[in-house]
file protein-v3.csv (CSV, C-alpha atoms and all ligand atoms)
chain,number,residue,atom,x,y,z
A,17,MET,CA,0.0,0.0,0.0
A,18,THR,CA,1.2,3.5,-0.7
A,19,PRO,CA,0.2,6.0,1.9
A,20,ASP,CA,-0.6,9.6,1.0
A,21,GLY,CA,1.9,12.3,2.0
A,22,PRO,CA,4.9,14.2,0.9
A,23,ARG,CA,6.8,12.6,-2.0
A,24,ALA,CA,10.1,13.3,-3.7
A,25,PRO,CA,9.7,15.8,-6.5
A,26,HIS,CA,11.6,13.7,-9.0
A,27,GLU,CA,8.5,13.1,-11.1
A,28,ALA,CA,8.4,16.8,-11.8
A,29,TYR,CA,11.6,16.5,-13.8
A,30,GLY,CA,10.7,13.4,-15.8
A,31,LEU,CA,12.9,10.8,-17.5
A,32,ARG,CA,14.3,13.2,-20.1
A,33,GLU,CA,17.3,14.0,-17.8
A,34,TRP,CA,18.3,10.4,-17.8
A,35,HIS,CA,18.3,10.3,-21.6
A,36,ASP,CA,20.4,13.5,-21.7
A,37,ALA,CA,22.9,12.1,-19.1
A,38,ALA,CA,23.2,8.8,-21.0
A,39,ARG,CA,23.8,10.6,-24.3
A,40,ALA,CA,26.7,12.5,-22.6
A,41,ALA,CA,28.1,9.3,-21.1
A,42,LEU,CA,27.9,7.0,-24.2
A,43,ASP,CA,30.0,6.3,-27.2
A,44,GLY,CA,28.0,7.9,-30.1
A,45,ALA,CA,27.5,4.7,-32.0
A,46,HIS,CA,26.2,2.9,-28.9
A,47,TYR,CA,23.9,5.8,-28.1
A,48,ASP,CA,22.5,5.7,-31.7
A,49,TYR,CA,22.0,2.0,-31.5
A,50,VAL,CA,19.7,2.4,-28.5
A,51,ALA,CA,18.0,5.7,-29.5
A,52,GLY,CA,17.5,4.9,-33.2
A,53,GLY,CA,14.9,3.3,-35.3
A,54,ALA,CA,14.4,1.6,-38.6
A,55,GLY,CA,14.1,3.3,-42.0
A,56,GLU,CA,13.4,7.0,-42.0
A,57,GLU,CA,12.5,6.7,-38.3
A,58,ARG,CA,8.9,7.7,-39.0
A,59,VAL,CA,7.6,5.2,-36.5
A,60,LEU,CA,10.2,6.2,-33.9
A,61,ALA,CA,9.0,9.8,-34.3
A,62,ALA,CA,5.3,8.8,-34.2
A,63,ASN,CA,5.9,6.6,-31.1
A,64,GLU,CA,7.3,9.6,-29.3
A,65,ARG,CA,4.1,11.6,-29.8
A,66,SER,CA,1.8,8.6,-29.2
A,67,PHE,CA,0.8,9.2,-25.6
A,68,ASP,CA,0.2,12.9,-26.3
A,69,ARG,CA,-3.1,11.9,-28.0
A,70,TYR,CA,-4.5,10.4,-24.8
A,71,ALA,CA,-5.7,12.2,-21.7
A,72,LEU,CA,-7.1,10.9,-18.5
A,73,LEU,CA,-10.6,11.7,-17.3
A,74,PRO,CA,-10.3,11.4,-13.5
A,75,ARG,CA,-13.1,10.3,-11.2
A,76,VAL,CA,-13.5,12.3,-8.0
A,77,LEU,CA,-14.5,11.9,-4.4
A,78,ARG,CA,-14.2,8.1,-4.5
A,79,ALA,CA,-12.6,7.9,-1.0
A,80,ALA,CA,-10.2,5.5,-2.5
A,81,GLY,CA,-7.6,5.6,0.3
A,82,PRO,CA,-4.1,4.1,0.0
A,83,ARG,CA,-3.1,2.4,-3.3
A,84,ASP,CA,-2.1,-1.1,-4.0
A,85,THR,CA,-0.7,-1.3,-7.5
A,86,ALA,CA,0.7,-4.8,-7.5
A,87,VAL,CA,-0.3,-7.0,-10.6
A,88,GLU,CA,-0.5,-10.7,-11.0
A,89,LEU,CA,1.6,-11.8,-14.0
A,90,PRO,CA,2.8,-15.2,-15.3
A,91,GLY,CA,5.3,-16.4,-12.7
A,92,ALA,CA,5.0,-13.2,-10.6
A,93,ALA,CA,2.2,-13.1,-8.1
A,94,ARG,CA,2.7,-9.6,-6.9
A,95,ALA,CA,4.7,-7.6,-9.4
A,96,ALA,CA,5.1,-3.9,-10.1
A,97,PRO,CA,3.0,-2.8,-13.0
A,98,VAL,CA,6.1,-1.7,-14.8
A,99,LEU,CA,8.5,-4.4,-16.3
A,100,VAL,CA,11.9,-4.1,-17.7
A,101,ALA,CA,11.3,-4.9,-21.4
A,102,PRO,CA,13.9,-7.1,-23.2
A,103,THR,CA,16.8,-5.1,-24.6
A,104,ALA,CA,20.0,-6.3,-26.0
A,105,PHE,CA,23.7,-5.8,-24.9
A,106,HIS,CA,23.5,-4.0,-21.6
A,107,ARG,CA,27.3,-4.3,-21.1
A,108,LEU,CA,27.7,-1.8,-24.0
A,109,LEU,CA,26.0,0.7,-21.7
A,110,HIS,CA,27.7,0.0,-18.4
A,111,PRO,CA,30.4,-2.4,-17.3
A,112,ASP,CA,28.0,-4.1,-14.8
A,113,GLY,CA,25.5,-4.6,-17.7
A,114,GLU,CA,22.6,-7.0,-17.1
A,115,ARG,CA,23.7,-7.7,-13.5
A,116,ALA,CA,23.1,-4.1,-12.6
A,117,THR,CA,19.7,-4.1,-14.4
A,118,ALA,CA,18.7,-7.3,-12.6
A,119,ARG,CA,19.6,-6.1,-9.1
A,120,ALA,CA,17.7,-2.8,-9.7
A,121,ALA,CA,14.6,-4.5,-11.2
A,122,ALA,CA,14.5,-7.0,-8.3
A,123,ALA,CA,14.9,-4.3,-5.7
A,124,GLU,CA,11.9,-2.4,-7.3
A,125,GLY,CA,9.8,-5.5,-7.5
A,126,ALA,CA,9.7,-5.3,-11.3
A,127,VAL,CA,9.9,-8.3,-13.6
A,128,LEU,CA,13.1,-8.3,-15.6
A,129,VAL,CA,12.9,-9.7,-19.2
A,130,THR,CA,16.4,-10.7,-20.0
A,131,GLY,CA,17.0,-12.6,-23.3
A,132,THR,CA,18.7,-14.1,-26.2
A,133,ALA,CA,20.8,-11.0,-26.9
A,134,ALA,CA,22.0,-10.4,-23.3
A,135,THR,CA,25.8,-9.8,-22.8
A,136,THR,CA,25.5,-11.7,-19.5
A,137,ALA,CA,24.5,-15.4,-19.3
A,138,VAL,CA,21.0,-15.9,-18.0
A,139,GLY,CA,22.2,-17.9,-15.0
A,140,ASP,CA,24.3,-14.9,-13.9
A,141,VAL,CA,21.4,-12.5,-14.5
A,142,VAL,CA,19.1,-14.5,-12.2
A,143,ALA,CA,21.8,-14.8,-9.6
A,144,ALA,CA,22.3,-11.0,-9.6
A,145,ALA,CA,18.6,-10.5,-9.2
A,146,ARG,CA,18.6,-12.8,-6.2
A,147,GLU,CA,21.3,-10.6,-4.5
A,148,ALA,CA,18.6,-7.9,-4.4
A,149,ALA,CA,15.5,-9.8,-3.5
A,150,PRO,CA,14.9,-13.3,-2.3
A,151,ASP,CA,12.3,-14.3,-4.9
A,152,PRO,CA,12.8,-12.1,-8.0
A,153,ALA,CA,10.8,-12.7,-11.2
A,154,VAL,CA,13.1,-12.9,-14.3
A,155,TRP,CA,11.6,-13.9,-17.7
A,156,PHE,CA,13.6,-15.0,-20.7
A,157,GLN,CA,13.0,-13.5,-24.2
A,158,LEU,CA,13.6,-15.8,-27.1
A,159,TYR,CA,14.1,-15.3,-30.8
A,160,LEU,CA,12.9,-18.5,-32.4
A,161,HIS,CA,15.9,-20.1,-34.0
A,162,PRO,CA,15.4,-21.8,-37.4
A,163,ARG,CA,16.9,-24.9,-35.8
A,164,PRO,CA,14.5,-26.1,-33.1
A,165,GLU,CA,17.2,-27.8,-31.1
A,166,VAL,CA,18.9,-24.5,-30.6
A,167,THR,CA,15.7,-22.9,-29.4
A,168,GLU,CA,15.2,-25.9,-27.1
A,169,ALA,CA,18.7,-25.5,-25.7
A,170,LEU,CA,18.0,-21.8,-24.9
A,171,VAL,CA,14.7,-22.8,-23.2
A,172,ARG,CA,16.6,-25.3,-21.0
A,173,ARG,CA,19.1,-22.6,-20.1
A,174,ALA,CA,16.4,-20.3,-19.1
A,175,GLU,CA,14.6,-23.0,-17.1
A,176,LYS,CA,17.8,-24.1,-15.3
A,177,ALA,CA,18.6,-20.5,-14.4
A,178,GLY,CA,15.2,-20.1,-12.7
A,179,CYS,CA,13.4,-17.9,-15.2
A,180,ARG,CA,9.6,-17.8,-14.5
A,181,ALA,CA,8.3,-17.3,-18.1
A,182,LEU,CA,9.4,-17.1,-21.7
A,183,VAL,CA,8.7,-14.3,-24.1
A,184,VAL,CA,8.9,-15.2,-27.8
A,185,THR,CA,9.5,-12.1,-29.9
A,186,ALA,CA,7.5,-12.4,-33.1
A,187,ASP,CA,8.0,-9.1,-34.8
A,188,SER,CA,11.5,-9.8,-36.2
A,189,PRO,CA,11.5,-12.2,-39.1
A,190,VAL,CA,14.4,-10.1,-40.4
A,191,PHE,CA,16.4,-7.3,-38.7
A,192,GLY,CA,15.1,-3.8,-39.2
A,193,ARG,CA,17.1,-1.6,-41.5
A,194,ARG,CA,18.7,1.0,-39.2
A,195,ALA,CA,20.4,3.8,-40.9
A,196,ARG,CA,22.2,5.2,-37.9
A,197,ASP,CA,23.9,1.8,-37.3
A,198,VAL,CA,24.9,1.5,-41.0
A,199,ARG,CA,26.3,5.1,-40.9
A,200,ASN,CA,28.2,4.4,-37.7
A,201,GLY,CA,29.5,1.0,-38.9
A,202,PHE,CA,27.9,-0.6,-35.9
A,203,THR,CA,27.2,-4.0,-37.5
A,204,ASP,CA,28.7,-6.2,-34.8
A,205,LEU,CA,29.5,-6.2,-31.1
A,206,PRO,CA,33.0,-4.8,-30.3
A,207,PRO,CA,35.7,-7.3,-29.2
A,208,GLY,CA,35.1,-8.5,-25.6
A,209,TYR,CA,31.3,-8.5,-25.8
A,210,ALA,CA,29.1,-11.4,-26.9
A,211,ALA,CA,25.6,-12.6,-26.7
A,212,GLU,CA,26.5,-14.9,-23.9
A,213,ASN,CA,23.4,-17.1,-24.0
A,214,MET,CA,24.4,-18.2,-27.5
A,215,ARG,CA,27.6,-19.8,-26.3
A,216,ASP,CA,28.1,-23.6,-26.7
A,217,LEU,CA,24.7,-24.2,-28.3
A,218,PRO,CA,24.1,-27.2,-30.6
A,219,GLY,CA,26.1,-26.8,-33.8
A,220,ALA,CA,28.5,-24.2,-32.4
A,221,PRO,CA,32.2,-24.9,-32.2
A,222,PRO,CA,33.3,-25.9,-28.7
A,223,GLY,CA,33.5,-22.8,-26.5
A,224,GLY,CA,32.2,-20.8,-29.4
A,225,LEU,CA,29.1,-18.8,-30.2
A,226,THR,CA,26.3,-19.1,-32.6
A,227,ASP,CA,25.0,-15.9,-33.9
A,228,ILE,CA,21.3,-14.9,-33.6
A,229,PRO,CA,19.9,-15.8,-37.0
A,230,LEU,CA,16.5,-14.1,-37.3
A,231,SER,CA,14.4,-16.2,-39.7
A,232,THR,CA,11.4,-15.7,-42.0
A,233,ALA,CA,10.9,-19.5,-41.8
A,234,VAL,CA,9.7,-19.6,-38.2
A,235,GLY,CA,6.0,-19.7,-37.6
A,236,TRP,CA,3.2,-20.6,-35.2
A,237,ARG,CA,4.3,-24.3,-35.5
A,238,ASP,CA,7.6,-23.3,-33.9
A,239,LEU,CA,5.8,-21.5,-31.1
A,240,ALA,CA,3.8,-24.7,-30.6
A,241,THR,CA,7.0,-26.7,-30.4
A,242,VAL,CA,8.3,-24.3,-27.6
A,243,LEU,CA,5.0,-24.7,-25.7
A,244,ARG,CA,5.3,-28.5,-25.9
A,245,THR,CA,8.9,-28.5,-24.6
A,246,THR,CA,8.4,-26.4,-21.5
A,247,SER,CA,6.1,-26.0,-18.6
A,248,LEU,CA,6.9,-22.3,-18.3
A,249,PRO,CA,4.3,-19.8,-19.3
A,250,VAL,CA,5.1,-18.4,-22.8
A,251,LEU,CA,4.1,-14.9,-23.8
A,252,VAL,CA,4.3,-13.6,-27.4
A,253,LYS,CA,5.8,-10.2,-27.9
A,254,GLY,CA,5.5,-7.9,-30.9
A,255,VAL,CA,1.8,-8.4,-31.6
A,256,LEU,CA,-0.1,-5.5,-33.2
A,257,HIS,CA,-3.0,-7.2,-35.1
A,258,PRO,CA,-5.8,-8.6,-32.9
A,259,ASP,CA,-6.0,-11.7,-35.1
A,260,ASP,CA,-2.4,-12.5,-34.2
A,261,ALA,CA,-3.2,-12.0,-30.5
A,262,ARG,CA,-6.1,-14.5,-30.9
A,263,LEU,CA,-3.7,-17.0,-32.7
A,264,ALA,CA,-1.2,-16.6,-29.9
A,265,VAL,CA,-3.8,-17.5,-27.3
A,266,GLU,CA,-5.2,-20.3,-29.4
A,267,HIS,CA,-1.7,-21.8,-29.6
A,268,GLY,CA,-1.5,-21.6,-25.8
A,269,ALA,CA,0.3,-18.3,-25.1
A,270,ALA,CA,0.0,-17.1,-21.5
A,271,GLY,CA,0.0,-13.5,-22.5
A,272,VAL,CA,0.7,-11.1,-25.4
A,273,VAL,CA,2.9,-8.0,-25.5
A,274,VAL,CA,1.7,-5.3,-27.8
A,275,SER,CA,4.8,-3.6,-29.2
A,276,ASN,CA,6.3,-2.3,-32.5
A,277,HIS,CA,9.8,-3.0,-31.2
A,278,GLY,CA,10.4,0.7,-30.4
A,279,GLY,CA,10.2,1.7,-34.1
A,280,ARG,CA,13.2,-0.5,-34.9
A,281,GLN,CA,11.6,-3.0,-37.2
A,282,CYS,CA,8.9,-2.1,-39.8
A,283,ASP,CA,8.8,1.7,-40.4
A,284,ALA,CA,5.2,1.9,-41.3
A,285,VAL,CA,3.2,0.5,-38.4
A,286,PRO,CA,1.0,2.2,-35.8
A,287,ALA,CA,2.1,3.1,-32.3
A,288,ALA,CA,1.7,0.3,-29.8
A,289,VAL,CA,-0.7,2.2,-27.6
A,290,ASP,CA,-3.0,2.8,-30.6
A,291,CYS,CA,-3.2,-1.0,-31.2
A,292,LEU,CA,-3.8,-1.8,-27.5
A,293,PRO,CA,-7.6,-1.5,-27.3
A,294,ALA,CA,-8.3,-3.9,-30.2
A,295,VAL,CA,-5.9,-6.5,-28.8
A,296,VAL,CA,-7.4,-6.1,-25.3
A,297,ASP,CA,-10.9,-6.6,-26.8
A,298,ALA,CA,-9.6,-9.7,-28.6
A,299,VAL,CA,-7.9,-11.6,-25.8
A,300,ALA,CA,-7.7,-9.8,-22.4
A,301,VAL,CA,-10.5,-11.9,-20.9
A,302,ARG,CA,-8.2,-14.9,-21.4
A,303,VAL,CA,-4.7,-13.8,-20.9
A,304,PRO,CA,-2.9,-10.6,-19.7
A,305,VAL,CA,-2.1,-8.1,-22.4
A,306,LEU,CA,1.0,-6.1,-21.8
A,307,LEU,CA,2.2,-2.9,-23.7
A,308,ALA,CA,5.8,-2.1,-24.5
A,309,GLY,CA,6.2,1.2,-26.3
A,310,GLU,CA,7.1,4.8,-25.3
A,311,VAL,CA,6.0,4.6,-21.7
A,312,ARG,CA,7.9,7.6,-20.3
A,313,ARG,CA,5.9,8.9,-17.3
A,314,GLY,CA,3.5,7.6,-14.7
A,315,SER,CA,0.5,9.0,-16.5
A,316,ASP,CA,1.5,6.9,-19.6
A,317,VAL,CA,1.3,3.8,-17.3
A,318,ALA,CA,-2.1,4.9,-16.2
A,319,VAL,CA,-3.4,5.4,-19.7
A,320,ALA,CA,-2.1,2.0,-20.8
A,321,LEU,CA,-3.7,0.3,-17.8
A,322,ALA,CA,-7.0,2.1,-18.3
A,323,LEU,CA,-7.0,0.9,-21.9
A,324,GLY,CA,-6.7,-2.6,-20.6
A,325,ALA,CA,-3.1,-3.4,-20.3
A,326,ALA,CA,-2.2,-5.6,-17.3
A,327,ALA,CA,1.3,-4.0,-17.1
A,328,VAL,CA,3.7,-2.1,-19.2
A,329,GLY,CA,7.3,-2.8,-20.3
A,330,VAL,CA,9.9,-0.1,-20.5
A,331,GLY,CA,13.0,-0.3,-22.8
A,332,ARG,CA,15.1,2.7,-23.5
A,333,PRO,CA,14.6,4.6,-20.3
A,334,VAL,CA,16.0,1.7,-18.3
A,335,LEU,CA,19.1,1.7,-20.7
A,336,TRP,CA,19.5,5.5,-20.1
A,337,GLY,CA,19.4,5.0,-16.4
A,338,LEU,CA,21.9,2.2,-16.7
A,339,ALA,CA,24.3,4.2,-18.9
A,340,ALA,CA,24.1,7.3,-16.7
A,341,ALA,CA,24.4,5.7,-13.2
A,342,GLY,CA,24.5,1.8,-13.4
A,343,GLU,CA,22.3,0.0,-10.9
A,344,ALA,CA,21.3,3.2,-9.1
A,345,GLY,CA,20.2,4.8,-12.3
A,346,VAL,CA,18.0,1.9,-13.3
A,347,ARG,CA,16.4,1.9,-9.8
A,348,ARG,CA,15.7,5.6,-10.1
A,349,VAL,CA,14.1,5.3,-13.5
A,350,LEU,CA,11.9,2.5,-12.3
A,351,ALA,CA,11.1,4.2,-9.1
A,352,GLU,CA,10.2,7.4,-10.9
A,353,LEU,CA,7.8,5.6,-13.2
A,354,LEU,CA,6.2,3.6,-10.3
A,355,ASP,CA,5.9,6.6,-8.1
A,356,GLY,CA,4.5,8.7,-10.9
A,357,TYR,CA,2.0,6.0,-11.7
A,358,ASP,CA,1.0,5.7,-8.0
A,359,HIS,CA,0.5,9.5,-7.9
A,360,THR,CA,-1.6,9.5,-11.0
A,361,LEU,CA,-3.8,6.7,-9.8
A,362,ALA,CA,-4.4,8.7,-6.6
A,363,LEU,CA,-5.3,11.8,-8.7
A,364,CYS,CA,-7.7,9.7,-10.7
A,365,GLY,CA,-9.5,8.5,-7.6
A,366,GLY,CA,-8.2,5.0,-7.8
A,367,ARG,CA,-7.1,2.5,-5.2
A,368,ARG,CA,-6.3,-0.5,-7.5
A,369,ASN,CA,-5.2,-0.7,-11.1
A,370,ALA,CA,-8.7,-2.0,-12.0
A,371,ASP,CA,-10.2,1.3,-10.9
A,372,LEU,CA,-8.8,2.7,-14.1
A,373,GLU,CA,-11.3,2.0,-16.9
A,374,ARG,CA,-11.4,2.7,-20.6
A,375,GLY,CA,-14.0,5.4,-20.1
A,376,MET,CA,-11.4,7.4,-18.1
A,377,VAL,CA,-9.3,7.9,-21.3
A,378,VAL,CA,-10.2,10.4,-23.9
A,379,ARG,CA,-8.5,11.0,-27.3
A,380,THR,CA,-7.1,14.5,-27.7
A,381,ALA,CA,-5.7,16.5,-30.6
A,382,GLY,CA,-2.3,15.5,-29.4
A,383,ASP,CA,-1.5,18.5,-27.2
A,384,ALA,CA,-1.7,16.9,-23.8
A,385,ARG,CA,1.8,18.1,-23.0
B,1,LIG,C1,18.6,-1.2,-27.7
B,1,LIG,C2,17.3,-2.0,-27.8
B,1,LIG,C3,17.4,-3.4,-27.9
B,1,LIG,C4,16.3,-4.1,-27.9
B,1,LIG,N1,16.4,-5.5,-27.9
B,1,LIG,C5,15.3,-6.3,-27.9
B,1,LIG,C6,15.5,-7.7,-27.9
B,1,LIG,O1,16.6,-8.2,-27.8
B,1,LIG,N2,14.3,-8.4,-27.9
B,1,LIG,C7,13.1,-7.8,-28.0
B,1,LIG,O2,12.1,-8.5,-28.0
B,1,LIG,N3,12.9,-6.5,-28.0
B,1,LIG,C8,14.0,-5.7,-28.0
B,1,LIG,N4,13.9,-4.4,-28.0
B,1,LIG,C9,12.5,-3.8,-28.0
B,1,LIG,C10,12.0,-3.4,-26.6
B,1,LIG,O3,11.8,-4.6,-25.9
B,1,LIG,C11,10.8,-2.6,-26.6
B,1,LIG,O4,9.7,-3.3,-27.2
B,1,LIG,C12,10.9,-1.2,-27.3
B,1,LIG,O5,12.2,-0.7,-27.1
B,1,LIG,C13,9.8,-0.3,-27.0
B,1,LIG,O6,10.0,0.2,-25.6
B,1,LIG,P1,10.6,1.7,-25.3
B,1,LIG,O7,9.8,2.7,-26.1
B,1,LIG,O8,10.4,1.8,-23.8
B,1,LIG,O9,12.0,1.6,-25.7
B,1,LIG,C14,15.0,-3.5,-28.0
B,1,LIG,C15,14.9,-2.2,-27.9
B,1,LIG,C16,16.1,-1.4,-27.8
B,1,LIG,C17,15.9,0.1,-27.8
B,2,LIG,C1,20.2,-10.3,-34.8
B,2,LIG,C2,19.5,-10.0,-33.5
B,2,LIG,C3,20.4,-9.2,-32.6
B,2,LIG,C4,19.7,-8.7,-31.4
B,2,LIG,C5,18.6,-7.9,-31.6
B,2,LIG,C6,18.4,-6.9,-30.6
B,2,LIG,C7,17.1,-6.1,-30.9
B,2,LIG,O1,16.0,-6.7,-30.8
B,2,LIG,C8,17.2,-4.8,-31.3
B,2,LIG,O2,16.1,-4.2,-31.5
B,2,LIG,O3,18.3,-4.2,-31.5
call {"tool": "encode", "arguments": {"input": "protein-v3.csv", "output": "structure tokens", "more": "lines below"}}
Ligand SMILES: Cc1cc2nc3c(=O)[nH]c(=O)nc-3n(C[C@H](O)[C@H](O)[C@H](O)COP(=O)(O)O)c2cc1C
Ligand SMILES: CCCCCCC(=O)C(=O)O
result
Amino acid sequence: MTPDGPRAPHEAYGLREWHDAARAALDGAHYDYVAGGAGEERVLAANERSFDRYALLPRVLRAAGPRDTAVELPGAARAAPVLVAPTAFHRLLHPDGERATARAAAAEGAVLVTGTAATTAVGDVVAAAREAAPDPAVWFQLYLHPRPEVTEALVRRAEKAGCRALVVTADSPVFGRRARDVRNGFTDLPPGYAAENMRDLPGAPPGGLTDIPLSTAVGWRDLATVLRTTSLPVLVKGVLHPDDARLAVEHGAAGVVVSNHGGRQCDAVPAAVDCLPAVVDAVAVRVPVLLAGEVRRGSDVAVALALGAAAVGVGRPVLWGLAAAGEAGVRRVLAELLDGYDHTLALCGGRRNADLERGMVVRTAGDAR
């Protein structure tokens, strides 16, 4: 429960300062890799404006009292409503990399989605999370490998490490064309860094790495194979079309994540929040629907939950916190979002997340800021 009373003013500053601090700290090519998008970055730019078209219509005099914002998610009975979305290569941003992110997420009660492209092996990520909390929830994000035995080996690694759920990313049959990376010559990890979970997989040379081959050949059948080979809940990430959400659930998915991959894949898709209501209408009575895309303030969390999301994932802001101040930076970013959400819920007359309803969100001309 969060009591009412004085609170730190950090929400007044917002997350922009973390972005600026990270830009100052980072190598330019690494900054561009994180900040950038695909194609002409039209979707990236549209994403950035997407929450400006939504405003909250608070309810008043509800005598709501102290808030309880915990959510029930697959493998996480009482989680924060903000998750750390899967993002690649944290050691490029800070020497402590995914370990720092894991400790910070666990300390804030947030699910961490680590994954295929982590620069720290999943077992070490879960161990770091356990340094900060006795029972942390870590999920593992998977790119489906065209060779099912490689996917299965990754699943076993995640299970052995103690991950509580898998997240299959479905929006990347090929890698987005990212002009900034091409311009910067950032086409591979620098020496000393590797996607550690890809080490010693079937078919790799001893002690060696396989790359992460995205594939146009993978399909629902491969998702079904994953579901057959694990007892972990499996969520599907990168869903925009309600029919795909239905297909995911029909195949046995335990949740879907509405996301356009931060504008890094197809440069002609809608913003994730604009796709959320249709996906919620399609499947939210059966499984939790999560949103990952451009959540930058507590009121964005409130809008997403009012539109029917069970929780939201945050990508770049976590990386900006990590780059600027390591574990402490990630904690501050997550705490700012959680505190900002709690404050907004209070302002909307809510006690629990479910007190936010779709009728409390209105579309605006886009000048909410
Ligand atoms: C640097 C970077 C790396 C990412 N790597 C992954 C990844 O490995 N797997 C994945 O499913 N999504 C990945 N994403 C997408 C994020 O999970 C998320 O969907 C997207 O960034 C939108 O959230 P944001 O607006 O808060 O950044 C990545 C995003 C960024 C910025
Ligand atoms: C070939 C896949 C490399 C990791 C992809 C990371 C990612 O999803 C991103 O958006 O960047």
call {"tool": "residues_around", "arguments": {"input": "protein-v3.csv", "residues": "Leu170 in chain A", "least_positions_apart": "5", "cutoff": "8 Å", "atoms": "all atoms listed in the file", "output": "list in words"}}
result
Thr132, Leu158, Asn213, Met214 and Leu217 of chain A
call {"tool": "write_last_selection", "arguments": {"input": "protein-v3.csv", "atoms": "C-alpha atoms", "output": "short mmCIF file (atom, residue, chain, number, x, y, z; two decimals), in the frame of the given file"}}
result
data_model
loop_
_atom_site.label_atom_id
_atom_site.label_comp_id
_atom_site.auth_asym_id
_atom_site.auth_seq_id
_atom_site.Cartn_x
_atom_site.Cartn_y
_atom_site.Cartn_z
CA THR A 132 18.70 -14.10 -26.20
CA LEU A 158 13.60 -15.80 -27.10
CA ASN A 213 23.40 -17.10 -24.00
CA MET A 214 24.40 -18.20 -27.50
CA LEU A 217 24.70 -24.20 -28.30
#
call {"tool": "closest_residue", "arguments": {"input": "protein-v3.csv", "among": "A:Gly81, A:Pro90, A:Pro102, A:Gly178", "to": "ligand LIG 2 (chain B)", "atoms": "only C-alpha atoms and all ligand atoms"}}
result
A:Pro102
call {"tool": "closest_atom_pairs", "arguments": {"input": "protein-v3.csv", "of": "range 309-343 of chain A", "to": "range 64-79 of chain A", "cutoff": "12 Å", "atoms": "only C-alpha atoms", "output": "JSON lines"}}
result
{"residue": "A:Gly309", "atom": "CA", "partner": "A:Glu64", "partner_atom": "CA", "distance": 9.0}
{"residue": "A:Glu310", "atom": "CA", "partner": "A:Glu64", "partner_atom": "CA", "distance": 6.3}
{"residue": "A:Val311", "atom": "CA", "partner": "A:Phe67", "partner_atom": "CA", "distance": 8.0}
{"residue": "A:Arg312", "atom": "CA", "partner": "A:Phe67", "partner_atom": "CA", "distance": 9.0}
{"residue": "A:Arg313", "atom": "CA", "partner": "A:Phe67", "partner_atom": "CA", "distance": 9.7}
{"residue": "A:Gly314", "atom": "CA", "partner": "A:Phe67", "partner_atom": "CA", "distance": 11.3}
{"residue": "A:Ser315", "atom": "CA", "partner": "A:Leu72", "partner_atom": "CA", "distance": 8.1}
{"residue": "A:Asp316", "atom": "CA", "partner": "A:Phe67", "partner_atom": "CA", "distance": 6.5}
{"residue": "A:Val317", "atom": "CA", "partner": "A:Phe67", "partner_atom": "CA", "distance": 9.9}
{"residue": "A:Ala318", "atom": "CA", "partner": "A:Leu72", "partner_atom": "CA", "distance": 8.1}
{"residue": "A:Val319", "atom": "CA", "partner": "A:Leu72", "partner_atom": "CA", "distance": 6.7}
{"residue": "A:Ala320", "atom": "CA", "partner": "A:Phe67", "partner_atom": "CA", "distance": 9.1}
{"residue": "A:Leu321", "atom": "CA", "partner": "A:Leu72", "partner_atom": "CA", "distance": 11.2}
{"residue": "A:Ala322", "atom": "CA", "partner": "A:Leu72", "partner_atom": "CA", "distance": 8.8}
{"residue": "A:Leu323", "atom": "CA", "partner": "A:Tyr70", "partner_atom": "CA", "distance": 10.2}
{"residue": "A:Arg332", "atom": "CA", "partner": "A:Glu64", "partner_atom": "CA", "distance": 11.9}
call {"tool": "atom_distance", "arguments": {"input": "protein-v3.csv", "atom1": "CA of Ala211 in chain A", "atom2": "CA of Gly131 in chain A"}}
result
9.2 Å
call {"tool": "residues_near_ligand", "arguments": {"input": "protein-v3.csv", "ligand": "ligand LIG 1 (chain B)", "cutoff": "7 Å", "atoms": "all atoms listed in the file", "output": "list in words"}}
result
Tyr49, Val50, Ala51, Ala101, Pro102, Thr103, Ala104, Gly131, Thr132, Ala133, Gln157, Thr185, Lys253, Ser275, Asn276, His277, Gly278, Ala308, Gly309, Glu310, Val311, Gly329, Val330, Gly331, Arg332 and Pro333 of chain A
call {"tool": "write_last_selection", "arguments": {"input": "protein-v3.csv", "atoms": "C-alpha atoms", "output": "mmCIF file, in the coordinates of the input"}}
result
data_model
loop_
_atom_site.group_PDB
_atom_site.id
_atom_site.type_symbol
_atom_site.label_atom_id
_atom_site.label_comp_id
_atom_site.auth_asym_id
_atom_site.auth_seq_id
_atom_site.Cartn_x
_atom_site.Cartn_y
_atom_site.Cartn_z
ATOM 1 C CA TYR A 49 22.000 2.000 -31.500
ATOM 2 C CA VAL A 50 19.700 2.400 -28.500
ATOM 3 C CA ALA A 51 18.000 5.700 -29.500
ATOM 4 C CA ALA A 101 11.300 -4.900 -21.400
ATOM 5 C CA PRO A 102 13.900 -7.100 -23.200
ATOM 6 C CA THR A 103 16.800 -5.100 -24.600
ATOM 7 C CA ALA A 104 20.000 -6.300 -26.000
ATOM 8 C CA GLY A 131 17.000 -12.600 -23.300
ATOM 9 C CA THR A 132 18.700 -14.100 -26.200
ATOM 10 C CA ALA A 133 20.800 -11.000 -26.900
ATOM 11 C CA GLN A 157 13.000 -13.500 -24.200
ATOM 12 C CA THR A 185 9.500 -12.100 -29.900
ATOM 13 C CA LYS A 253 5.800 -10.200 -27.900
ATOM 14 C CA SER A 275 4.800 -3.600 -29.200
ATOM 15 C CA ASN A 276 6.300 -2.300 -32.500
ATOM 16 C CA HIS A 277 9.800 -3.000 -31.200
ATOM 17 C CA GLY A 278 10.400 0.700 -30.400
ATOM 18 C CA ALA A 308 5.800 -2.100 -24.500
ATOM 19 C CA GLY A 309 6.200 1.200 -26.300
ATOM 20 C CA GLU A 310 7.100 4.800 -25.300
ATOM 21 C CA VAL A 311 6.000 4.600 -21.700
ATOM 22 C CA GLY A 329 7.300 -2.800 -20.300
ATOM 23 C CA VAL A 330 9.900 -0.100 -20.500
ATOM 24 C CA GLY A 331 13.000 -0.300 -22.800
ATOM 25 C CA ARG A 332 15.100 2.700 -23.500
ATOM 26 C CA PRO A 333 14.600 4.600 -20.300
#
